[in-house]
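Take a look at the structure below.
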Amino acid sequence: MCDVVTVQKIANCLGIDPGKIELNDEQVVTRTGAANKTVAGFATILESLARESKSETAQNSIVSREVQAQVYQWIEFAVLYVAPGSKDKYVSKQLLADFNKMFLSKSYLVGHFITLADLAVYYAISELVKSLSPVDKENYLNLSRWFDHLQQRPEIHQGEPMLNFTTIYLHNWATGTHI
Amino acid sequence: MSTGTLYTYPENFRAYKALIAAQYSGAKVKVADNFKFGESNKSEEFLKKFPGGKVPAYETADGKCLTESNAIAYFLANEQLRGGKCPLVQAQVQQWISFADNEILPASCAWVFPLLGIMPQQKNANVKQDVEVVLQQLNKKLLDATYLAGERITLADIVVFCTLLHLYEHVLDSSVRSAYGNLNRWFVTILNQPQVKAVIKDFKLCEKALVFDPKKYAEFLAKTGGAKPQQAPKSKDEKKAKKEPAPKKAAPEPEELDAADAALAMEPKSKDPFDAMPKGTFNFDDFKRVYSNEEEAKSIPYFFEKFDAENYSIWFGEYKYNEELTKTFMSCNLIGGMFQRLDKMRKQAFASVCLFGEDNNSSISGVWVWRGHDLAFTLSPDWQIDYEVYDWKKLDAKSEETKKLVTQYFSWLGTDKAGRKFKEGKIFK
């Protein structure tokens with residue numbers, strides 16, 4: 001997930017020209033931005049993007065040191081755990097359940113507003129969410145709500161087909177009438 | 001960008017709508033200084049601009065006037081708050097604003113205002129159920145939606161949020177709230193938006209629900225003169241002066257109290273419900289005199305000698321939430337408060353309620369005696385405020401165990417079940 005495409009997508013979200021994004025000899029993603037300055041590593045690149053961007057998401061992510069640290073923590077988590085874990089049948093289940101529980105009482109990952117942490121986890125988990133069946137999605141209603149909320153933003157879905165969460169309403173309604 | 005003046009009393013949830021909207025749009029709104037509710041808004045100058053005499057009211061820099069909080073909020077909002085470009089979302093914003101005014105507000109007022117002492121308590125009203133229905137509806141909606149309309153914060157969120165403030169502040173304690181997880185998530189999210197925090201500072205979610213206190217309403221009536229329509233209105237100045245001390249309580253609603261409400265509040269004094277029960281041979285006055293004047297060594301045997309088990313009963317009451325007790329003096333006040341509220345029961349009842357333990361580790365329990373064999377508190381609505389927080393057990397008046405317990409509590413000795421030492425006692429007589 002810490003690949004060139006994701007970095008480019010996140011740069012688009014933030015309304016930033018990322019410059020040149022590529023993998024270096026050690027397969028680490030690097031960014032060569034303005035003035036030929038090069039930064040390497042997913043989290044570091046995201047941080048550099050956030051500093052340049054005037055977008056709401058970027059501004060939210062650096063609103064205080066505490067928020068900054070939490071955002072960083074989630075980006076690392078997304079890279080080290082969410083991205084590889086979402087490819088494993090068992091780990092991914094646990095991941096989904098954990099995030100679902102998390103979003104029971106929170107609207108966003110950090111603070112009470114959208115940050116880079118949401119973007120990083122969103123792109124890390126989107127393939128997994130895409131693979132879920134409607135019945136599966138119903139088990140993760142809180143996660144689905146968060147995911148749907150993000151994908152509705154034009155800067156985030158970036159023209160990709162939107163996932164359908166509307167079946168959830170049907171399921172809700174159907175189970176409700178059985179009682 | 002709009003600039004203007006907002007007229008309101010402090011902490012008015014309706015004015016919050018406008019002030020929060022202004023935070024989002026950057027509109028410069030000045031809250032009128034020296035606004036005195038009941039005075040400023042009744043002045044000729046004010047009525048000329050705003051004939052209704054109600055607040056919040058808004059005046060733009062070039063003298064245009066607006067009333068009704070939702071309209072003012074709309075005026076001060078930006079495009080995003082009004083629902084963006086999509087007509088459907090704009091309509092949804094209107095939908096939730098109407099929902100707030102027509103569904104949430106009446107239910108919320110019916111529950112919270114009597115507790116704040118600015119409205120008489122409505123007997124037999126299902127106020128809690130009405131609120132539950134509304135909250136459940138919101139909770140369901142917010143299960144799969146982050147915000148009420150569209151994917152951004154809009155006036156829908158701000159207006160519904162402001163309308164829910166009273167409930168979240170005064171009655172939805174954590175045990176009640178827990179049933180509305182999605183709604184709580186949304187509420188906390190809105191509450192913590194920087195634009196909202198700039199207007200509503202230091203908001204605390206309800207820790208302990210308010211309970212009805214008839215005294216508060218009586219005081220409120222005394223202040224506003226609402227219950228004394230027979231007295232000719234005194235000079236205007238005097239009346240205004242009385243209103244001033246309670247700007248917060250004097251929300252617009254109480255003004256709408258009509259004569260029927262006032263009459264309801266002046267119910268005839270209730271008769272003593274104990275009158276319906278056989279008098280028996282036990283005389284509380286005699287026993288209380290002996291208890292007050294003699295040593296326990298004398299008064300307790302006197303009690304058992306005179307006690308009439310046919311017509312009277314002995315009860316043991318244990319406080320349910322001992323783990324929540326902190327300072328012992330506060331616990332003592334708790335007991336004292338309960339005694340005060342049970343004032344009319346005194347004639348036909350006696351109790352010794354004791355506090356055991358120390359600060360942060362204590363318990364409350366007591367032995368009660370009253371006429372009749374059933375739980376006395378259900379006899380009068382005035383007595384039902386506190387009794388539910390106690391576990392009640394009827395004691396067998398003839399058993400040795402009861403004798404021991406009565407002796408212990410009447411003479412303020414010993415320990416509670418958990419071995420905490422006796423700390424303080426209070427006698428209800």
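Ligands are numbered from 1 in the order shown, residues from 1 within each chain, and chains are lettered A, B, ... in the order they appear in the structure tokens.
Those residues in range 350-410 of chain B carrying a DSSP assignment of alpha helix (DSSP H), computed from the backbone, are Glu400, Glu401, Thr402, Lys403, Lys404, Leu405, Val406, Thr407, Gln408, Tyr409 and Phe410 of chain B.
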- Message: For the structure I just gave you, how does DSSP split range 7-176 of chain A - specifically, which residues are strand (DSSP E or B)? Reply as a ChimeraX atom specification.
- Response: /A:20-23,29-32,38-40
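Of the listed residues B:Pro114, B:Ser365, B:Ala209, B:Lys429, the one whose atoms come nearest to Asp285 in chain B is B:Lys429, with distances taken using only C-alpha atoms.
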- Message: Within 7 Å of chain A, which residues belong to chain B? Use only C-alpha atoms and report them as a PyMOL selection string.
- Response: chain B and resi 143-146+151+181-182+185-186+189+192-193
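Here CA of Leu105 in chain B is placed at a distance of 20.7 Å from CA of Gly53 in chain B.
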- For range 274-276 of chain B, list every protein, DNA or RNA residue within 9 Å, evaluated using only C-alpha atoms, and leave out those in the same chain fewer than 4 positions away; present the list as a VMD selection string. chain B and resid 345 348 371 to 372 376 379
